[in-house]
$ cat start19.txt   # compact mmCIF, C-alpha atoms and all ligand atoms
# COMPACT_ATOMS: atom_id res chain seq x y z
CA MET K 1 160.87 96.55 117.38
CA LYS K 2 157.50 98.29 117.72
CA ILE K 3 155.53 96.71 120.59
CA LEU K 4 151.98 97.54 121.67
CA ILE K 5 151.24 96.63 125.29
CA THR K 6 147.65 96.43 126.53
CA GLY K 7 146.86 96.53 130.26
CA SER K 8 150.17 98.38 130.66
CA LEU K 9 149.27 99.87 134.06
CA GLY K 10 148.89 96.44 135.71
CA LEU K 11 151.31 94.38 137.80
CA LEU K 12 152.84 92.66 134.77
CA GLY K 13 152.13 95.32 132.14
CA GLN K 14 154.32 97.93 133.86
CA GLU K 15 157.27 95.54 133.92
CA VAL K 16 156.82 94.60 130.28
CA VAL K 17 156.85 98.30 129.36
CA GLU K 18 160.09 98.80 131.31
CA VAL K 19 161.84 95.73 129.90
CA CYS K 20 160.92 96.62 126.31
CA ARG K 21 161.94 100.29 126.72
CA ASN K 22 165.29 99.18 128.18
CA ARG K 23 165.76 96.94 125.15
CA GLY K 24 165.31 99.96 122.88
CA ASP K 25 161.88 98.95 121.56
CA GLU K 26 159.39 101.54 120.43
CA VAL K 27 156.70 100.98 123.07
CA LEU K 28 153.02 101.87 122.78
CA ALA K 29 151.84 101.53 126.39
CA THR K 30 148.03 101.39 126.53
CA ASP K 31 145.49 100.61 129.22
CA ILE K 32 141.79 101.22 129.79
CA ALA K 33 142.80 103.76 132.45
CA SER K 34 145.80 105.27 130.67
CA PRO K 35 145.42 109.07 130.48
CA ALA K 36 147.80 109.36 127.50
CA THR K 37 146.91 106.25 125.45
CA PRO K 38 143.59 104.75 126.56
CA LEU K 39 142.69 101.50 124.83
CA ASP K 40 139.78 99.24 125.80
CA VAL K 41 140.52 95.75 124.47
CA ARG K 42 136.80 94.86 124.48
CA ILE K 43 135.97 97.12 121.53
CA PRO K 44 136.91 95.55 118.16
CA ALA K 45 136.57 98.76 116.12
CA THR K 46 138.87 100.67 118.50
CA LEU K 47 141.44 97.87 118.39
CA ARG K 48 141.40 97.73 114.61
CA GLY K 49 141.70 101.54 114.39
CA PHE K 50 144.63 101.54 116.80
CA LEU K 51 146.46 98.77 114.95
CA ALA K 52 145.80 100.34 111.56
CA ALA K 53 147.21 103.67 112.74
CA ASN K 54 150.23 102.28 114.61
CA ARG K 55 151.18 99.02 112.86
CA PRO K 56 153.09 97.33 115.73
CA ASP K 57 155.29 94.25 115.10
CA TRP K 58 154.01 92.60 118.29
CA VAL K 59 151.07 93.08 120.65
CA VAL K 60 151.53 91.92 124.25
CA ASN K 61 148.15 91.49 125.92
CA CYS K 62 148.43 92.04 129.69
CA ALA K 63 144.85 93.31 130.05
CA ALA K 64 142.55 91.00 132.02
CA PHE K 65 140.02 90.71 134.81
CA THR K 66 142.29 89.11 137.41
CA ASP K 67 140.18 89.14 140.59
CA VAL K 68 139.76 85.36 140.87
CA ASP K 69 136.95 85.49 143.45
CA GLY K 70 135.38 88.57 141.81
CA CYS K 71 135.04 86.61 138.55
CA GLU K 72 132.61 84.19 140.27
CA GLU K 73 130.20 87.10 140.80
CA LYS K 74 130.93 88.99 137.59
CA GLU K 75 130.92 86.13 135.12
CA ASP K 76 129.84 88.32 132.18
CA LEU K 77 132.73 90.72 132.68
CA ALA K 78 135.15 87.80 133.16
CA PHE K 79 134.19 86.29 129.80
CA GLU K 80 134.02 89.66 128.03
CA LEU K 81 137.55 90.61 129.09
CA ASN K 82 139.33 87.26 129.47
CA ALA K 83 137.66 85.28 126.67
CA ARG K 84 136.11 87.51 123.97
CA ALA K 85 138.57 90.46 124.04
CA PRO K 86 141.59 88.21 123.26
CA GLY K 87 139.62 86.97 120.22
CA HIS K 88 139.04 90.57 119.04
CA LEU K 89 142.75 91.26 119.51
CA ALA K 90 143.77 88.10 117.67
CA ARG K 91 141.62 88.93 114.63
CA ALA K 92 142.82 92.56 114.58
CA CYS K 93 146.46 91.40 114.79
CA GLU K 94 145.90 88.88 111.99
CA GLU K 95 144.37 91.61 109.82
CA TYR K 96 147.18 94.12 110.38
CA GLY K 97 150.12 91.70 110.38
CA ALA K 98 151.09 91.89 114.05
CA LYS K 99 152.21 88.92 116.15
CA LEU K 100 150.35 88.39 119.41
CA LEU K 101 151.67 87.42 122.83
CA HIS K 102 148.82 86.68 125.23
CA ILE K 103 149.08 85.94 128.96
CA SER K 104 147.05 83.07 130.37
CA THR K 105 147.32 81.22 133.70
CA ASP K 106 147.96 77.94 135.53
CA TYR K 107 144.30 78.16 136.69
CA VAL K 108 143.30 76.54 133.37
CA PHE K 109 144.30 73.25 135.08
CA ASP K 110 142.40 71.41 137.82
CA GLY K 111 145.48 70.64 139.94
CA GLU K 112 144.78 66.91 140.09
CA LYS K 113 148.01 65.91 138.29
CA LEU K 114 150.74 64.54 140.54
CA GLY K 115 153.69 66.03 138.60
CA PRO K 116 154.27 69.36 136.82
CA TYR K 117 151.83 70.33 134.05
CA GLU K 118 153.17 70.24 130.49
CA GLU K 119 151.79 72.70 127.93
CA ASP K 120 149.83 69.97 126.14
CA ASP K 121 148.14 68.53 129.24
CA ALA K 122 144.36 68.76 129.08
CA PRO K 123 143.00 71.91 130.74
CA ASN K 124 140.08 71.53 133.14
CA PRO K 125 139.53 74.85 134.92
CA LEU K 126 137.74 74.86 138.28
CA SER K 127 136.69 78.52 138.50
CA VAL K 128 134.98 81.15 136.36
CA TYR K 129 138.34 82.93 136.11
CA GLY K 130 140.03 79.72 134.90
CA LYS K 131 137.20 78.95 132.46
CA SER K 132 137.24 82.48 131.04
CA LYS K 133 141.05 82.39 130.62
CA ARG K 134 140.85 78.98 128.92
CA ALA K 135 138.17 80.33 126.57
CA GLY K 136 140.57 83.24 125.85
CA GLU K 137 143.30 80.78 124.81
CA ILE K 138 140.90 79.13 122.39
CA SER K 139 139.79 82.50 120.94
CA ILE K 140 143.44 83.33 120.30
CA GLN K 141 144.18 79.99 118.66
CA GLU K 142 141.15 80.36 116.40
CA GLY K 143 141.81 84.03 115.55
CA ILE K 144 145.47 84.22 114.53
CA GLU K 145 148.16 82.00 113.08
CA HIS K 146 151.21 83.51 114.82
CA TYR K 147 150.28 83.47 118.48
CA LEU K 148 152.28 83.01 121.62
CA ILE K 149 150.39 82.12 124.79
CA VAL K 150 152.33 82.23 128.05
CA ARG K 151 150.94 80.69 131.22
CA PRO K 152 152.61 82.10 134.34
CA GLN K 153 151.53 81.66 137.96
CA TRP K 154 151.51 83.24 141.43
CA LEU K 155 152.82 86.67 140.39
CA PHE K 156 154.36 89.08 142.86
CA GLY K 157 156.02 92.42 142.14
CA PRO K 158 156.07 96.11 142.92
CA HIS K 159 153.23 97.43 140.78
CA GLY K 160 149.85 96.67 142.26
CA ARG K 161 148.34 94.45 144.89
CA ASN K 162 149.46 90.84 145.03
CA PHE K 163 149.67 88.06 147.60
CA VAL K 164 153.11 89.09 148.96
CA SER K 165 152.27 92.79 149.35
CA THR K 166 148.95 91.88 150.99
CA ILE K 167 150.66 89.51 153.45
CA LEU K 168 153.35 92.07 154.30
CA GLY K 169 150.66 94.69 154.95
CA LEU K 170 148.75 92.31 157.26
CA ALA K 171 151.93 91.17 159.02
CA GLN K 172 152.66 94.77 160.03
CA GLU K 173 149.27 94.92 161.79
CA ARG K 174 148.89 91.43 163.29
CA ASP K 175 150.84 89.10 165.62
CA ILE K 176 149.56 85.89 164.04
CA LEU K 177 148.59 85.06 160.44
CA SER K 178 147.04 81.81 159.18
CA VAL K 179 148.07 80.90 155.65
CA VAL K 180 147.06 78.01 153.38
CA ASN K 181 149.68 75.25 153.26
CA ASP K 182 148.18 72.62 150.94
CA GLN K 183 148.12 74.45 147.57
CA TRP K 184 151.34 74.19 145.57
CA GLY K 185 152.71 76.52 142.92
CA SER K 186 155.78 78.52 141.92
CA PRO K 187 155.84 82.13 143.05
CA THR K 188 156.95 84.24 140.09
CA TYR K 189 158.48 87.71 140.05
CA SER K 190 156.79 90.01 137.54
CA LYS K 191 160.22 91.41 136.51
CA ASP K 192 161.59 87.93 135.73
CA LEU K 193 158.44 87.08 133.79
CA ALA K 194 158.62 90.31 131.76
CA ARG K 195 162.26 89.57 130.84
CA ALA K 196 161.29 86.01 129.85
CA LEU K 197 158.47 87.30 127.62
CA ARG K 198 160.91 89.59 125.81
CA VAL K 199 163.30 86.64 125.32
CA LEU K 200 160.47 84.60 123.77
CA ILE K 201 159.72 87.50 121.40
CA ASP K 202 163.41 87.56 120.44
CA CYS K 203 163.22 83.84 119.67
CA ASP K 204 160.11 84.46 117.55
CA ALA K 205 158.51 81.67 119.59
CA ARG K 206 155.06 80.31 118.71
CA GLY K 207 152.55 78.22 120.62
CA VAL K 208 151.94 77.74 124.33
CA PHE K 209 154.69 78.16 126.95
CA HIS K 210 154.77 77.77 130.71
CA VAL K 211 156.95 80.37 132.45
CA ARG K 212 157.54 80.65 136.19
CA ASN K 213 160.37 81.05 138.66
CA ARG K 214 162.32 77.94 139.67
CA GLY K 215 161.29 76.00 142.79
CA LYS K 216 157.94 75.28 144.37
CA ALA K 217 156.10 76.48 147.44
CA THR K 218 152.81 76.68 149.26
CA TRP K 219 151.20 80.04 150.06
CA PHE K 220 152.40 79.43 153.64
CA ASP K 221 156.04 78.98 152.47
CA LEU K 222 155.83 82.19 150.46
CA ALA K 223 154.24 84.21 153.28
CA LYS K 224 156.71 82.90 155.87
CA ARG K 225 159.75 83.63 153.68
CA ALA K 226 158.52 87.17 152.87
CA ILE K 227 157.79 87.98 156.54
CA ASP K 228 161.19 86.60 157.63
CA LEU K 229 162.99 88.63 154.94
CA LEU K 230 161.25 91.78 156.17
CA GLY K 231 162.35 90.90 159.75
CA LEU K 232 158.83 91.00 161.21
CA PRO K 233 158.01 89.01 164.39
CA THR K 234 154.56 87.87 163.10
CA ARG K 235 153.91 84.15 163.67
CA VAL K 236 152.71 82.37 160.52
CA VAL K 237 150.43 79.39 161.09
CA PRO K 238 149.93 76.76 158.35
CA VAL K 239 146.28 75.80 157.67
CA ASP K 240 144.38 73.75 155.08
CA THR K 241 142.36 75.26 152.22
CA SER K 242 139.20 74.16 154.05
CA ALA K 243 139.98 76.73 156.79
CA PHE K 244 139.52 79.56 154.28
CA PRO K 245 136.34 79.00 152.22
CA ARG K 246 136.56 81.22 149.11
CA PRO K 247 134.07 81.81 146.27
CA ALA K 248 136.47 80.37 143.63
CA ARG K 249 138.06 76.91 143.79
CA ARG K 250 141.82 76.88 143.24
CA PRO K 251 143.97 74.01 141.90
CA MET K 252 145.84 72.19 144.68
CA ASN K 253 148.84 71.55 142.42
CA GLY K 254 149.52 74.31 139.90
CA ILE K 255 153.17 73.49 139.23
CA LEU K 256 154.04 74.09 135.59
CA SER K 257 156.81 72.38 133.65
CA THR K 258 159.12 74.94 132.01
CA ARG K 259 161.08 72.47 129.87
CA ARG K 260 159.71 73.91 126.63
CA PHE K 261 160.75 77.46 127.66
CA THR K 262 164.30 76.33 128.51
CA ARG K 263 164.62 74.20 125.37
CA THR K 264 163.47 77.10 123.17
CA THR K 265 165.35 79.98 124.80
CA GLY K 266 168.34 78.25 126.45
CA LYS K 267 167.42 80.21 129.61
CA VAL K 268 166.73 79.01 133.13
CA MET K 269 164.55 81.19 135.34
CA PRO K 270 165.92 82.37 138.72
CA SER K 271 164.65 80.66 141.89
CA TRP K 272 161.65 82.29 143.55
CA GLN K 273 163.60 82.64 146.81
CA ILE K 274 166.32 84.76 145.14
CA SER K 275 163.76 86.87 143.27
CA LEU K 276 161.66 87.35 146.42
CA LYS K 277 164.77 88.86 148.07
CA SER K 278 165.08 91.38 145.22
CA TYR K 279 161.41 92.26 145.53
CA ILE K 280 161.62 92.72 149.32
CA LYS K 281 164.59 95.09 148.87
CA GLU K 282 162.48 97.11 146.44
CA TYR K 283 159.48 96.95 148.82
CA LEU K 284 161.65 98.38 151.65
CA ARG K 285 163.03 101.15 149.43
CA GLU K 286 159.45 102.08 148.46
CA GLN K 287 158.32 102.10 152.13
CA ARG K 288 161.25 104.37 153.08
CA ARG K 289 160.41 106.72 150.19
CA GLU K 290 156.76 106.85 151.27
CA SER K 291 157.65 107.57 154.92
CA ARG K 292 159.98 110.43 153.82
CA ASP K 293 157.27 112.05 151.62
N1 LIG Z 301 148.55 88.13 139.06
C1 LIG Z 301 148.75 86.81 139.02
O1 LIG Z 301 149.08 86.17 140.03
C2 LIG Z 301 148.63 86.07 137.71
C3 LIG Z 301 148.88 84.69 137.69
C4 LIG Z 301 148.76 84.00 136.48
C5 LIG Z 301 148.41 84.69 135.33
N2 LIG Z 301 148.15 86.02 135.39
C6 LIG Z 301 147.77 86.70 134.13
O2 LIG Z 301 148.76 87.70 133.86
C7 LIG Z 301 148.16 88.80 133.16
C8 LIG Z 301 148.51 90.10 133.86
O3 LIG Z 301 148.02 90.03 135.18
P1 LIG Z 301 148.25 91.22 136.23
O4 LIG Z 301 148.38 90.59 137.56
O5 LIG Z 301 149.31 92.15 135.72
O6 LIG Z 301 146.82 91.94 136.14
P2 LIG Z 301 146.39 93.39 136.63
O7 LIG Z 301 147.42 93.96 137.57
O8 LIG Z 301 144.98 93.27 137.07
O9 LIG Z 301 146.48 94.24 135.28
C9 LIG Z 301 145.51 94.20 134.28
C10 LIG Z 301 145.44 95.57 133.65
O10 LIG Z 301 144.45 95.53 132.60
C11 LIG Z 301 143.65 96.69 132.73
N3 LIG Z 301 142.34 96.51 132.09
C12 LIG Z 301 141.17 96.11 132.64
N4 LIG Z 301 140.19 96.11 131.74
C13 LIG Z 301 140.74 96.53 130.58
C14 LIG Z 301 140.22 96.75 129.28
N5 LIG Z 301 138.91 96.54 129.00
N6 LIG Z 301 141.06 97.19 128.31
C15 LIG Z 301 142.36 97.42 128.58
N7 LIG Z 301 142.91 97.25 129.80
C16 LIG Z 301 142.10 96.79 130.79
C17 LIG Z 301 143.52 96.85 134.22
O11 LIG Z 301 143.02 98.12 134.55
P3 LIG Z 301 142.15 98.29 135.92
O12 LIG Z 301 143.08 97.91 137.04
O13 LIG Z 301 141.78 99.73 135.88
O14 LIG Z 301 140.97 97.34 135.79
C18 LIG Z 301 144.98 96.64 134.65
O15 LIG Z 301 145.74 97.83 134.50
C19 LIG Z 301 146.65 88.48 133.12
O16 LIG Z 301 146.34 87.91 131.88
C20 LIG Z 301 146.46 87.44 134.22
O17 LIG Z 301 145.36 86.60 133.94
C21 LIG Z 301 148.26 86.73 136.54

$ encode --input "start19.txt" --output "structure tokens" --more "lines below"
Ligand SMILES: NC(=O)c1ccc[n+]([C@@H]2O[C@H](COP(=O)([O-])OP(=O)(O)OC[C@H]3O[C@@H](n4cnc5c(N)ncnc54)[C@H](OP(=O)(O)O)[C@@H]3O)[C@@H](O)[C@H]2O)c1
Amino acid sequence: MKILITGSLGLLGQEVVEVCRNRGDEVLATDIASPATPLDVRIPATLRGFLAANRPDWVVNCAAFTDVDGCEEKEDLAFELNARAPGHLARACEEYGAKLLHISTDYVFDGEKLGPYEEDDAPNPLSVYGKSKRAGEISIQEGIEHYLIVRPQWLFGPHGRNFVSTILGLAQERDILSVVNDQWGSPTYSKDLARALRVLIDCDARGVFHVRNRGKATWFDLAKRAIDLLGLPTRVVPVDTSAFPRPARRPMNGILSTRRFTRTTGKVMPSWQISLKSYIKEYLREQRRESRD
């Protein structure tokens, strides 16, 4: 299969490239900062030219403005990249016969629901990031018939900064860390997510899907488990969201139901605790490599 990946230098994009290459796909790995294949998803003419020249079967859009607090300040950029660019991509894919897999987020929900969010629950984003991502979903749905929108959450993984790598960096410098213990979600390993995306492509799935690792946690649970796995003595102190005022509001309950994913693919995602162990092993290998160089 010929697969075009946008935002391929990001946390998720790099894993999608690897999973697809390992599956034997012909991969066109693009990113705004890619030296070999630069592609800015905000420019419709460039997108159309790229699709016309390369004719991929699928486009996987991992490009986004993902700095949740930064989006509050840079609202124009948030909407340009997270809302309008997916629309340009959708229309270009429709024109050149490619199917489109777009990545959205649990932050399209307000977190007020008591149980897990189903795909058809009404979105009500609290932040500029969430609003721009929700607008991106709508642009996709209006722009192309064969779309696949996947909403993951709380990503961690080896390529790029994320909550776990930030916490591990801080824990190596500090004796005590305070971490929020009243927001709930499911930490999700970028490698597991990338594999799940490729499975959905194999199933020729359409529509909206929630994908995340199994189990739930607070940011405190995730930080504590990661620090324990690394064997650091840092004390982790649970605090409420109110102790850490941030520019963007986050949902208190972001747990997503993955029943549709399992029903469609027959697959069950690994638990976040098992996947965190794999990531920490990789993190340690990387640290050893860096200290040798
Ligand atoms: N990370 C999470 O916890 C999380 C949770 C839920 C959903 N998601 C969603 O998952 C997707 C992937 O997230 P991620 O964490 O992998 O993001 P990321 O690491 O920030 O990767 C995004 C990539 O897109 C590139 N990019 C920026 N502007 C571009 C443009 N105009 N054209 C082409 N590429 C551009 C970025 O380059 P620069 O770095 O040079 O800007 C970066 O390489 C996003 O849709 C995000 O909303 C993420």

$ atom_distance --input "start19.txt" --atom1 "atom CA of K:Arg289" --atom2 "atom CA of K:Gly160"
16.6 Å

$ residues_around --input "start19.txt" --residues "stretch 186-196 of chain K" --least-positions-apart "4" --cutoff "10 Å" --atoms "only C-alpha atoms" --output "NGL selection string"
:K and (11-20 or 23 or 150 or 152-159 or 163-164 or 200-202 or 211-219 or 221-222 or 253-256 or 261 or 265 or 267-276 or 278-279)

$ residues_near_ligand --input "start19.txt" --ligand "ligand LIG 301 (chain Z)" --cutoff "7 Å" --atoms "only C-alpha atoms and all ligand atoms" --output "PyMOL selection string"
chain K and resi 6-13+31-33+39-42+62-66+81+103-106+133+151-156+160+162

$ axis_aligned_box --input "start19.txt" --around "stretch 176-186 of chain K" --padding-each-side "5 Å" --output "JSON"
{"center_x": 151.4, "center_y": 79.3, "center_z": 153.0, "size_x": 18.7, "size_y": 23.3, "size_z": 32.1}

$ atom_distance --input "start19.txt" --atom1 "atom CA of K:Gly143" --atom2 "atom CA of K:Asp69"
28.4 Å

$ atom_distance --input "start19.txt" --atom1 "atom CA of K:His102" --atom2 "atom CA of K:Met252"
24.4 Å

$ closest_residue --input "start19.txt" --among "K:Pro86, K:Gly231, K:Pro245, K:Gly49" --to "K:Leu284" --atoms "all atoms listed in the file"
K:Gly231

$ residues_around --input "start19.txt" --residues "K:Ala248" --least-positions-apart "2" --cutoff "12 Å" --atoms "all atoms listed in the file" --output "count of residues only"
23

$ residues_around --input "start19.txt" --residues "K:Ile43" --least-positions-apart "4" --cutoff "10 Å" --atoms "all atoms listed in the file" --output "NGL selection string"
:K and (39 or 47-48 or 84-85 or 88-89)
